[in-house]
Number of protein chains: 2
Amino acid sequence: MRILLIACAALLLASSALGQTPHTLNLMPLPRSVQLGAGQLPVDQFFSVAISGFKDPVLENGVERFVAELSRETGITFKRKQADPSHPTLLIHAEKGSGRVQRLGEDESYELMIADAGVRLNAPTTLGILHGLQTFLQLVQPAATGFAAPQLTIKDEPRFAWRGLMIDVARHFIPVDVLKRNLDGMAALKMNVLHWHLYDDQGFRVESKRFPRLPEEGSEGLYYTQDEIRDLVAYARDRGIRVVPEFEMPGHSRSLFAGYPELASGLGPYKIEPGAPDAVMDPTREETYKFIDKFIEEMTRLFPDEYFHIGGDEVNGHEWDTNPKIQVFMHAHGMKANQDLQAYFNQRIEKILSKHHKIMMGWDEVLRQDLPKNVVVQSWRGQESLANAARQGYSGLLSFGYYLDLMWPAAQHYAVDPMSGVAASLGPQEKSRILGGEACMWSEWVTPENIDSRIWPRNAAIAERLWSPPEVRDAASMYARLDELGWHLEWLGLTHRSSLGADLHRMAGRDDTAALRTLAEVVEPLKDYTRMDNLDNAKIVWDFRAPLNRLVDAVRPESDKARRFHDSVQAYIASGYEDRAAEGEIRTLLTGWRDNDSALHPLLEQSFLLHELVPLSGDLSALASAGLVALDYLDKSAPSPESWRSQQLALIERAKTAKADLLLMVVAPVQSLIEASAGPAQKP
Amino acid sequence: MRILLIACAALLLASSALGQTPHTLNLMPLPRSVQLGAGQLPVDQFFSVAISGFKDPVLENGVERFVAELSRETGITFKRKQADPSHPTLLIHAEKGSGRVQRLGEDESYELMIADAGVRLNAPTTLGILHGLQTFLQLVQPAATGFAAPQLTIKDEPRFAWRGLMIDVARHFIPVDVLKRNLDGMAALKMNVLHWHLYDDQGFRVESKRFPRLPEEGSEGLYYTQDEIRDLVAYARDRGIRVVPEFEMPGHSRSLFAGYPELASGLGPYKIEPGAPDAVMDPTREETYKFIDKFIEEMTRLFPDEYFHIGGDEVNGHEWDTNPKIQVFMHAHGMKANQDLQAYFNQRIEKILSKHHKIMMGWDEVLRQDLPKNVVVQSWRGQESLANAARQGYSGLLSFGYYLDLMWPAAQHYAVDPMSGVAASLGPQEKSRILGGEACMWSEWVTPENIDSRIWPRNAAIAERLWSPPEVRDAASMYARLDELGWHLEWLGLTHRSSLGADLHRMAGRDDTAALRTLAEVVEPLKDYTRMDNLDNAKIVWDFRAPLNRLVDAVRPESDKARRFHDSVQAYIASGYEDRAAEGEIRTLLTGWRDNDSALHPLLEQSFLLHELVPLSGDLSALASAGLVALDYLDKSAPSPESWRSQQLALIERAKTAKADLLLMVVAPVQSLIEASAGPAQKP
């Protein structure tokens with residue numbers, strides 16, 4: 001591992017050797033090893049691709065997409081027909097294909113050599129070729145004489161075999177085209193599992209021919225046809241991505257009971273409407289298992305993957321506690337707690353899955369010693385839970401720390417490692433049971449319009465954690481590369497950057513939204529579950545049908561502008577207030593913010609969607625004014641008066657309070673400036 | 001007409017009466033008459049739609065799209081199921097449907113009444129309903145208490161029956177999804193004809209089962225399958241848009257001869273490659289007509305519209321002049337000029353079309369008295385040509401003045417009226433033969449990425465010209481409404497605004513492109529055919545396969561920023577230099593431009609795609625500096641020295657010269673400032 005490590009470090013340092021490109025190598029995820037050469041390979045209209053060795057549709061479609069994508073990103077129309085294999089620019093060689101159904105743990109490694117004579121991309125399987133093509137795409141840049149890629153040799157393979165993204169399409173339906181562009185994004189980041197959370201209390205999203213009332217009564221018309229599902233599974237497979245469906249049982253299943261109330265433990269009636277998550281299947285009736293057996297049989301025809309996720313989380317047991325027949329059953333079978341009843345249910349389900357040649361997956365709660373050892377546990381609880389499972393002989397995935405809906409900054413996800421904490425002390429055999437991880441996009445506050453900005457670019461940090469060697473963990477490098485990745489992802493059709501403009505226009509109802517954008521770019525949505533908790537505290541039932549058209553729904557989870565402002569302030573302070581460039585940037589930003597409130601105020605008065613931003617906009621301008629005063633003191637090397645600073649402290653405290661479910665992200669750097677203005681003696 | 005006129009004028013003046021919305025009614029195209037009420041109708045989650053009267057798939061699909069679009073634009077999920085018809089918010093009533101195949105001249109009028117009790121939309125046909133729904137969509141705005149539409153009554157109908165957009169997919173192939181979003185844009189602007197220019201020298205874009213070598217040899221793999229064509233025609237029909245195919249004959253047909261050289265008048269060989277437009281069919285061989293007969297028969301199964309466009313323009317005759325057999329034929333038939341041979345050809349083609357129940361259309365050149373009177377002439381030459389045709393009994397369309405590829409400002413297209421000039425003196429019967437017009441998107445410099453920005457929003461000005469009463473011609477009002485329309489069109493999936501970011505990133509190869517954007521936003525591509533003429537003058541053959549990835553290909557045809565800067569300068573001068581708001585804006589813009597060159601310069605050095613912008617960026621900064629000096633003189637009421645002004649004149653002249661095929665659009669306003677700085681005495 002030491003050699004690889006050196007290579008990775010070298011990648012970050014040696015990039016300035018690339019004479020003609022002043023940029024670093026903007027690769028994400030970083031490869032296992034990179035050896036940089038000196039020159040560049042031009043990528044012009046004569047660039048061509050040829051395939052030697054193994055060839056199959058996955059490879060050929062992959063190459064066609066690669067050529068199309070390279071054409072889009074350069075504006076050069078490359079010939080679609082493959083070049084003479086004896087004189088190619090890029091010669092691709094795979095030893096063999098991936099099976100008809102892609103499996104966990106296939107070899108995904110590749111070697112990419114860019115030299116004077118051309119490019120060679122070799123891999124044991126076509127999956128590795130797909131990854132290598134993505135790496136090459138990220139390397140092509142406009143240079144002084146044309147588009148070019150740096151000469152280098154990359155040897156790359158994933159750290160973990162399971163690198164997934166879960167998307168919840170139940171709370172809010174996400175159409176197929178939106179999923180497809182996200183699959184393109186996943187493929188660009190070398191992720192290989194889409195975990196499709198297909199139903200929950202709020203909606204059942206799959207057509208069933210055997211049980212047609214499932215979507216008809218359980219989805220308000222928003223579900224995928226079986227053709228659409230087959231199409232999406234094929235689309236993912238073409239990109240080296242497995243699709244694992246999740247059907248929640250026995251809990252989180254109200255939408256299922258809308259059409260089939262006889263499966264429920266409670267009396268109903270069950271409707272697709274807001275309410276407590278009590279609905280749970282009745283595990284004591286044989287009809288329940290007959291239904292599930294037939295349903296799973298139908299679903300196995302749509303989802304060829306070996307794994308099948310049954311959810312199994314958060315059964316609160318209220319309906320079991322209050323159903324006398326269930327209580328009698330539990331008593332008769334010596335079950336003391338609801339967990340025992342759920343374990344009994346899971347055993348029955350596991351046998352059904354096994355009969356249909358599927359391996360069961362579930363969230364932490366499914367784990368009990370009485371299940372077969374091939375069951376996979378997905379942990380939302382943390383590394384400890386994962387390590388416990390591994391010690392008991394079960395495989396597992398980490399999702400704790402990878403919940404994209406919590407609105408964490410990318411660096412916070414990036415710091416979470418499946419092998420850290422308790423897991424670090426596992427033996428080699430046990431460690432091998434930790435298969436990887438999955439980012440989770442729960443969709444309580446997500447719509448087809450904002451989902452891209454919730455997933456991207458932060459998901460790329462998780463993708464790198466799961467692909468790159470564990471030593472790759474420098475957040476500054478990650479952010480630098482994440483910034484550059486942003487447009488690459490927009491080329492794929494993702495809208496994580498472009499969606500904001502339309503959202504601002506919706507709220508403003510007019511073309512000129514510049515002042516609103518200024519505010520939008522320095523705020524972030526509330527973190528963790530605070531937005532939901534605020535509803536609970538106000539005794540408001542969360543309604544999944546309510547419009548998500550406020551600023552909190554439009555702004556990005558992480559403010560790039562605030563992050564850069566923070567960095568400038570840190571640089572300015574660290575320089576002993578000598579860094580004039582940093583000071584200039586700080587002053588320009590603060591001046592713009594100071595003047596923004598008066599520009600924005602008339603607009604905020606006009607639209608009901610913007611009223612709530614009045615205090616937030618006022619805070620921003622007040623903060624900026626204070627920051628400018630502090631900067632003037634620092635500029636003059638005159639300490640600010642204590643009385644002034646304590647006045648500003650009150651302002652800082654006020655500005656720290658969330659408003660309109662939004663946090664103002666420039667408070668801390670302004671506070672640093674104010675504190676710094678006290679002068680060296682008064683420094684804390 | 002006088003009453004309608006008053007209503008239209010009232011619309012522009014009375015909009016301030018809309019107590020709660022300070023905006024004007026941002027309708028485009030403006031309706032025939034609007035009667036404004038006082039209040040507003042809330043559009044909240046209880047908003048629902050019901051259909052009474054006639055119902056067909058066009059109507060039902062249209063209503064479903066309307067509800068989806070209203071959901072997108074408001075962020076409110078409206079129920080897709082239709083409301084109880086006795087308590088709807090929007091009650092739709094059509095008298096009858098449009099036929100299976102939409103026809104020219106069907107009634108497209110509608111009446112929209114928005115009142116306290118709800119909305120009523122009535123129309124003689126479902127086509128009128130589609131238009132009325134688009135009007136309603138444009139009226140919904142965020143107001144102080146929620147989304148709302150103003151109470152009003154609109155009576156609307158088109159001025160012209162033929163309101164088209166021609167898209168050339170031959171010079172550069174445009175994929176189906178791009179065409180579809182442009183059809184959505186057309187529907188939003190109430191345009192009703194897509195004229196699909198399906199083949200030309202550079203490519204044959206339609207699958208033919210009878211003549212498979214047409215696309216195989218003539219398209220480099222970029223063509224539409226017959227399924228895709230049927231799908232697109234149905235998509236258009238659902239939106240009240242007819243699809244008229246154009247197959248060029250006898251000229252502009254090199255791509256056809258790649259597969260079938262026996263149809264050509266020359267010796268070939270014919271390949272899809274750059275070169276002179278000499279290729280022309282041989283009208284003297286019977287086999288030519290047999291081929292065309294079979295081909296048209298096949299195409300009529302794809303294109304149900306009554307009209308069929310045969311092009312017929314720009315036959316240069318070289319191949320006829322140099323083919324002895326053709327010369328013999330012409331002599332034997334007493335034909336003196338190539339025009340006679342083309343007329344003979346057209347007569348034969350018209351008979352074939354007539355046999356297949358199609359009405360022939362062609363460009364100006366097809367017109368000869370020997371053709372049947374139902375032939376339609378599309379004029380690229382002007383109103384005079386159109387008027388001549390009308391006098392001879394032929395129907396016609398205007399396209400002169402509507403060529404979007406000439407990069408004119410919207411106001412220039414807007415000023416062109418099919419009924420102006422010679423056409424104004426036609427009698428009523430003759431006038432009725434002027435069916436309308438078509439915007440033309442020739443694609444020499446167009447790709448799937450920039451086509452949206454070439455068509456939109458300028459095409460909306462042409463759409464208004466063709467729909468609204470002729471008295472609607474105030475350019476300032478048009479621009480104000482065009483600005484607001486921009487985002488509405490992006491909601492439909494068009495990328496005319498958002499595409500610039502990705503293009504700038506491609507050229508820069510890095511995330512931070514702010515300084516490049518500053519330059520990009522004040523330049524426009526060369527006008528008319530200058531870009532092509534520059535190639536000719538340099539003896540460079542235009543190559544349709546060359547990359548279109550320069551700044552000229554990315555920037556918008558019309559700079560909004562330059563237009564607004566121009567308006568601010570005019571306002572400042574008109575105020576006698578007293579308008580402080582205008583002065584402030586001018587100073588802010590000039591300061592940003594002055595400082596931009598130093599910020600941009602390092603980037604321009606790095607990328608081969610940006611080198612050519614160095615002089616342009618220098619000009620912008622120099623101009624801005626001069627403008628700031630002029631502003632200082634005006635501010636102090638001190639006349640600028642004559643010597644200084646004449647120095648600046650040289651700069652102005654230099655800056656007026658196009659560079660990198662781009663025009664700097666702030667030259668004229670800066671010149672105005674410099675001239676104004678001479679003071680009142682020296683004013684010209």
# chains A, B, ... in the order shown; residues from 1 in each chain; ligands from 1
>>> residues_around(residues="segment 240-242 of chain B", least_positions_apart="4", cutoff="8 Å", atoms="only C-alpha atoms", output="tab-separated table (two decimals) with C-alpha atoms, in the first residue's frame")
chain	number	residue	atom	x	y	z
B	102	GLN	CA	-54.84	19.19	-38.29
B	103	ARG	CA	-55.56	21.54	-41.20
B	127	LEU	CA	-57.05	24.15	-30.74
B	130	LEU	CA	-54.78	24.78	-26.11
B	183	LEU	CA	-42.16	22.33	-30.05
B	187	ALA	CA	-46.88	25.87	-28.40
B	191	MET	CA	-47.12	28.88	-33.25
B	192	ASN	CA	-48.73	26.16	-35.29
B	193	VAL	CA	-46.36	24.86	-37.98
B	194	LEU	CA	-43.02	23.09	-37.71
B	233	VAL	CA	-45.47	14.32	-35.61
B	236	ALA	CA	-46.58	18.22	-32.43
B	305	ASP	CA	-50.09	17.13	-43.38
>>> select_by_dssp(residues="segment 321-447 of chain B", states="strand (DSSP E)", output="ChimeraX atom specification")
/B:359-363,376-379,395-398,434-441
>>> write_last_selection(atoms="C-alpha atoms", output="PDB file, in the first residue's frame")
ATOM      1  CA  ILE B 359     -50.335  20.447 -51.996  1.00  0.00           C
ATOM      2  CA  MET B 360     -46.955  21.630 -53.209  1.00  0.00           C
ATOM      3  CA  MET B 361     -44.958  24.300 -51.415  1.00  0.00           C
ATOM      4  CA  GLY B 362     -41.679  25.817 -52.456  1.00  0.00           C
ATOM      5  CA  TRP B 363     -39.419  28.810 -52.077  1.00  0.00           C
ATOM      6  CA  VAL B 376     -47.899  27.870 -51.764  1.00  0.00           C
ATOM      7  CA  VAL B 377     -44.863  30.103 -52.118  1.00  0.00           C
ATOM      8  CA  GLN B 378     -42.552  30.733 -49.190  1.00  0.00           C
ATOM      9  CA  SER B 379     -40.717  33.967 -49.703  1.00  0.00           C
ATOM     10  CA  SER B 395     -50.915  31.821 -51.553  1.00  0.00           C
ATOM     11  CA  GLY B 396     -47.728  32.689 -49.751  1.00  0.00           C
ATOM     12  CA  LEU B 397     -45.780  32.945 -46.521  1.00  0.00           C
ATOM     13  CA  LEU B 398     -43.180  35.480 -45.519  1.00  0.00           C
ATOM     14  CA  ILE B 434     -50.942  35.902 -47.504  1.00  0.00           C
ATOM     15  CA  LEU B 435     -51.267  33.071 -45.039  1.00  0.00           C
ATOM     16  CA  GLY B 436     -48.665  34.205 -42.524  1.00  0.00           C
ATOM     17  CA  GLY B 437     -44.994  33.577 -42.065  1.00  0.00           C
ATOM     18  CA  GLU B 438     -42.263  31.368 -40.805  1.00  0.00           C
ATOM     19  CA  ALA B 439     -39.179  32.025 -38.746  1.00  0.00           C
ATOM     20  CA  CYS B 440     -36.234  30.163 -40.259  1.00  0.00           C
ATOM     21  CA  MET B 441     -33.463  28.482 -38.299  1.00  0.00           C
TER      22      MET B 441
END
>>> interface_residues(of="chain A", to="chain B", cutoff="7 Å", atoms="only C-alpha atoms", output="PyMOL selection string")
chain A and resi 73-77+141-146+483-484+487+491+498+502+505-511+545+547-549+606-608
>>> select_by_dssp(residues="segment 21-70 of chain A", states="helix (DSSP H, G or I)", output="PyMOL selection string")
chain A and resi 57-70
>>> atom_distance(atom1="atom CA of Lys373 of chain A", atom2="atom CA of Val280 of chain A")
26.1 Å
>>> residues_around(residues="Glu430 of chain A", least_positions_apart="2", cutoff="12 Å", atoms="only C-alpha atoms", output="VMD selection string")
chain A and resid 386 to 396 419 422 to 428 432 to 435
>>> atom_distance(atom1="atom CA of Gln151 of chain B", atom2="atom CA of Phe136 of chain B")
11.0 Å
>>> residues_around(residues="Trp442 of chain A", least_positions_apart="5", cutoff="9 Å", atoms="only C-alpha atoms", output="JSON list (two decimals) with N, CA and C atoms, in the first residue's frame")
[["chain", "number", "residue", "atom", "x", "y", "z"],
["A", 166, "MET", "N", -28.84, 5.32, -2.62],
["A", 166, "MET", "CA", -30.24, 5.00, -2.45],
["A", 166, "MET", "C", -31.10, 6.21, -2.79],
["A", 167, "ILE", "N", -32.12, 6.00, -3.59],
["A", 167, "ILE", "CA", -33.05, 7.09, -3.87],
["A", 167, "ILE", "C", -34.45, 6.67, -3.45],
["A", 168, "ASP", "N", -35.04, 7.48, -2.60],
["A", 168, "ASP", "CA", -36.40, 7.26, -2.11],
["A", 168, "ASP", "C", -37.36, 7.93, -3.09],
["A", 169, "VAL", "N", -38.14, 7.13, -3.78],
["A", 169, "VAL", "CA", -39.11, 7.68, -4.74],
["A", 169, "VAL", "C", -40.52, 7.60, -4.20],
["A", 170, "ALA", "N", -40.63, 7.29, -2.89],
["A", 170, "ALA", "CA", -41.95, 7.12, -2.28],
["A", 170, "ALA", "C", -42.49, 8.43, -1.73],
["A", 171, "ARG", "N", -41.70, 9.11, -0.90],
["A", 171, "ARG", "CA", -42.17, 10.38, -0.30],
["A", 171, "ARG", "C", -42.50, 11.38, -1.40],
["A", 197, "HIS", "N", -35.59, 2.77, -3.47],
["A", 197, "HIS", "CA", -36.57, 2.68, -2.38],
["A", 197, "HIS", "C", -37.95, 2.95, -2.97],
["A", 403, "TYR", "N", -26.19, 10.28, 4.77],
["A", 403, "TYR", "CA", -27.57, 10.70, 4.48],
["A", 403, "TYR", "C", -27.54, 12.10, 3.85],
["A", 404, "LEU", "N", -27.78, 12.15, 2.56],
["A", 404, "LEU", "CA", -27.71, 13.43, 1.85],
["A", 404, "LEU", "C", -28.82, 14.38, 2.26],
["A", 405, "ASP", "N", -29.93, 13.84, 2.77],
["A", 405, "ASP", "CA", -31.05, 14.70, 3.16],
["A", 405, "ASP", "C", -30.75, 15.51, 4.42]]
>>> residues_around(residues="Ser98 of chain B", least_positions_apart="3", cutoff="12 Å", atoms="only C-alpha atoms", output="number ranges by chain")
B: 54-59, 94-95, 101-108, 123-130, 237-242
>>> residues_around(residues="Pro31 of chain B", least_positions_apart="4", cutoff="12 Å", atoms="only C-alpha atoms", output="short mmCIF file (atom, residue, chain, number, x, y, z; two decimals) with N, CA, C and O atoms, in the first residue's frame")
data_model
loop_
_atom_site.label_atom_id
_atom_site.label_comp_id
_atom_site.auth_asym_id
_atom_site.auth_seq_id
_atom_site.Cartn_x
_atom_site.Cartn_y
_atom_site.Cartn_z
N LEU B 4 -60.85 46.76 -30.71
CA LEU B 4 -59.79 45.84 -30.31
C LEU B 4 -58.51 46.60 -30.02
O LEU B 4 -57.82 46.33 -29.06
N LEU B 5 -58.25 47.57 -30.88
CA LEU B 5 -57.07 48.39 -30.70
C LEU B 5 -57.07 49.06 -29.34
O LEU B 5 -56.08 49.06 -28.62
N ALA B 7 -58.59 48.15 -26.72
CA ALA B 7 -58.40 47.16 -25.66
C ALA B 7 -56.92 46.83 -25.51
O ALA B 7 -56.40 46.70 -24.41
N CYS B 8 -56.21 46.72 -26.64
CA CYS B 8 -54.79 46.37 -26.56
C CYS B 8 -53.97 47.49 -25.94
O CYS B 8 -53.07 47.23 -25.16
N ALA B 9 -54.31 48.72 -26.31
CA ALA B 9 -53.60 49.84 -25.71
C ALA B 9 -53.87 49.86 -24.21
O ALA B 9 -52.98 50.07 -23.39
N ALA B 10 -55.11 49.60 -23.85
CA ALA B 10 -55.49 49.61 -22.44
C ALA B 10 -54.68 48.59 -21.65
O ALA B 10 -54.29 48.82 -20.51
N LEU B 11 -54.42 47.49 -22.29
CA LEU B 11 -53.67 46.44 -21.61
C LEU B 11 -52.32 46.96 -21.13
O LEU B 11 -51.86 46.64 -20.04
N LEU B 12 -51.71 47.76 -21.95
CA LEU B 12 -50.38 48.25 -21.61
C LEU B 12 -50.43 49.34 -20.56
O LEU B 12 -49.53 49.48 -19.75
N LEU B 25 -49.06 42.89 -17.37
CA LEU B 25 -49.43 41.54 -17.81
C LEU B 25 -48.37 41.07 -18.79
O LEU B 25 -48.21 41.64 -19.86
N ASN B 26 -47.67 40.03 -18.40
CA ASN B 26 -46.58 39.58 -19.24
C ASN B 26 -47.05 38.55 -20.26
O ASN B 26 -46.57 37.43 -20.27
N LEU B 27 -47.98 38.95 -21.08
CA LEU B 27 -48.50 38.03 -22.08
C LEU B 27 -47.72 38.15 -23.38
O LEU B 27 -47.37 39.24 -23.81
N GLN B 35 -59.92 42.76 -21.33
CA GLN B 35 -60.67 43.66 -20.46
C GLN B 35 -60.29 43.32 -19.03
O GLN B 35 -60.57 42.22 -18.56
N SER B 109 -59.56 30.41 -32.22
CA SER B 109 -59.92 31.46 -31.26
C SER B 109 -60.34 30.85 -29.92
O SER B 109 -60.66 29.67 -29.82
N TYR B 110 -60.33 31.71 -28.91
CA TYR B 110 -60.77 31.27 -27.57
C TYR B 110 -61.20 32.50 -26.78
O TYR B 110 -60.85 33.64 -27.13
N GLU B 111 -61.95 32.23 -25.72
CA GLU B 111 -62.35 33.27 -24.78
C GLU B 111 -61.97 32.81 -23.38
O GLU B 111 -62.29 31.68 -22.99
N LEU B 112 -61.26 33.65 -22.65
CA LEU B 112 -60.82 33.29 -21.30
C LEU B 112 -61.37 34.31 -20.33
O LEU B 112 -61.10 35.51 -20.45
N HIS B 131 -54.55 27.07 -26.89
CA HIS B 131 -54.00 28.43 -26.83
C HIS B 131 -54.42 29.14 -25.54
O HIS B 131 -53.62 29.83 -24.90
N GLY B 132 -55.67 28.97 -25.16
CA GLY B 132 -56.18 29.64 -23.95
C GLY B 132 -55.46 29.15 -22.70
O GLY B 132 -55.18 29.93 -21.79
N GLN B 134 -52.38 28.18 -22.58
CA GLN B 134 -51.07 28.83 -22.57
C GLN B 134 -51.18 30.25 -22.05
O GLN B 134 -50.31 30.72 -21.30
N THR B 135 -52.22 30.95 -22.44
CA THR B 135 -52.43 32.31 -21.94
C THR B 135 -52.59 32.30 -20.43
O THR B 135 -51.98 33.10 -19.71
N PHE B 136 -53.41 31.37 -19.94
CA PHE B 136 -53.63 31.30 -18.49
C PHE B 136 -52.31 31.04 -17.75
O PHE B 136 -52.02 31.67 -16.74
N GLN B 138 -49.36 31.89 -18.52
CA GLN B 138 -48.54 33.10 -18.46
C GLN B 138 -49.08 34.11 -17.45
O GLN B 138 -48.35 35.00 -17.00
N THR B 153 -61.09 39.46 -18.85
CA THR B 153 -61.69 38.71 -19.95
C THR B 153 -60.83 38.93 -21.19
O THR B 153 -60.54 40.07 -21.55
N ILE B 154 -60.42 37.83 -21.78
CA ILE B 154 -59.62 37.89 -23.00
C ILE B 154 -60.41 37.26 -24.14
O ILE B 154 -60.96 36.17 -23.99
N LYS B 155 -60.48 37.99 -25.26
CA LYS B 155 -61.01 37.41 -26.49
C LYS B 155 -59.87 37.42 -27.49
O LYS B 155 -59.32 38.48 -27.78
N ASP B 156 -59.56 36.26 -28.00
CA ASP B 156 -58.31 36.17 -28.74
C ASP B 156 -58.48 35.28 -29.96
O ASP B 156 -59.24 34.31 -29.94
N GLU B 157 -57.76 35.66 -31.01
CA GLU B 157 -57.69 34.81 -32.20
C GLU B 157 -56.47 35.26 -32.99
O GLU B 157 -55.99 36.38 -32.85
N PRO B 158 -55.93 34.37 -33.82
CA PRO B 158 -54.72 34.73 -34.54
C PRO B 158 -55.00 35.64 -35.72
O PRO B 158 -56.05 35.57 -36.35
N ARG B 159 -54.01 36.50 -36.03
CA ARG B 159 -54.10 37.33 -37.22
C ARG B 159 -53.87 36.48 -38.47
O ARG B 159 -54.55 36.63 -39.47
N LEU B 189 -45.94 29.85 -27.46
CA LEU B 189 -46.08 31.10 -28.22
C LEU B 189 -47.17 31.02 -29.28
O LEU B 189 -47.25 31.89 -30.14
N LYS B 190 -47.96 29.94 -29.23
CA LYS B 190 -49.11 29.78 -30.13
C LYS B 190 -48.70 29.66 -31.60
O LYS B 190 -49.46 30.05 -32.49
N ALA B 463 -43.36 35.28 -33.38
CA ALA B 463 -44.65 34.65 -33.06
C ALA B 463 -45.70 35.71 -32.76
O ALA B 463 -46.86 35.59 -33.18
N GLU B 464 -45.30 36.75 -32.02
CA GLU B 464 -46.26 37.82 -31.72
C GLU B 464 -46.67 38.56 -32.99
O GLU B 464 -47.84 38.89 -33.18
N ARG B 465 -45.70 38.83 -33.85
CA ARG B 465 -46.01 39.50 -35.12
C ARG B 465 -47.09 38.73 -35.89
O ARG B 465 -47.96 39.32 -36.53
N LEU B 466 -47.00 37.40 -35.87
CA LEU B 466 -47.90 36.57 -36.68
C LEU B 466 -49.25 36.31 -35.99
O LEU B 466 -50.22 35.96 -36.64
N TRP B 467 -49.29 36.46 -34.68
CA TRP B 467 -50.54 36.20 -33.96
C TRP B 467 -51.30 37.49 -33.65
O TRP B 467 -52.50 37.60 -33.88
N SER B 468 -50.61 38.48 -33.12
CA SER B 468 -51.29 39.66 -32.55
C SER B 468 -51.74 40.63 -33.63
O SER B 468 -51.23 40.60 -34.75
N PRO B 469 -52.68 41.53 -33.31
CA PRO B 469 -53.11 42.54 -34.28
C PRO B 469 -51.91 43.37 -34.76
O PRO B 469 -50.95 43.54 -34.01
N PRO B 470 -51.96 43.87 -36.00
CA PRO B 470 -50.80 44.55 -36.57
C PRO B 470 -50.41 45.81 -35.79
O PRO B 470 -49.26 46.23 -35.86
N GLU B 471 -51.33 46.37 -35.04
CA GLU B 471 -51.03 47.59 -34.31
C GLU B 471 -50.15 47.33 -33.09
O GLU B 471 -49.61 48.27 -32.50
N VAL B 472 -50.04 46.08 -32.69
CA VAL B 472 -49.15 45.73 -31.57
C VAL B 472 -47.73 45.74 -32.10
O VAL B 472 -47.30 44.80 -32.75
#
>>> atom_distance(atom1="atom CA of Glu248 of chain A", atom2="atom CA of Glu314 of chain A")
10.2 Å
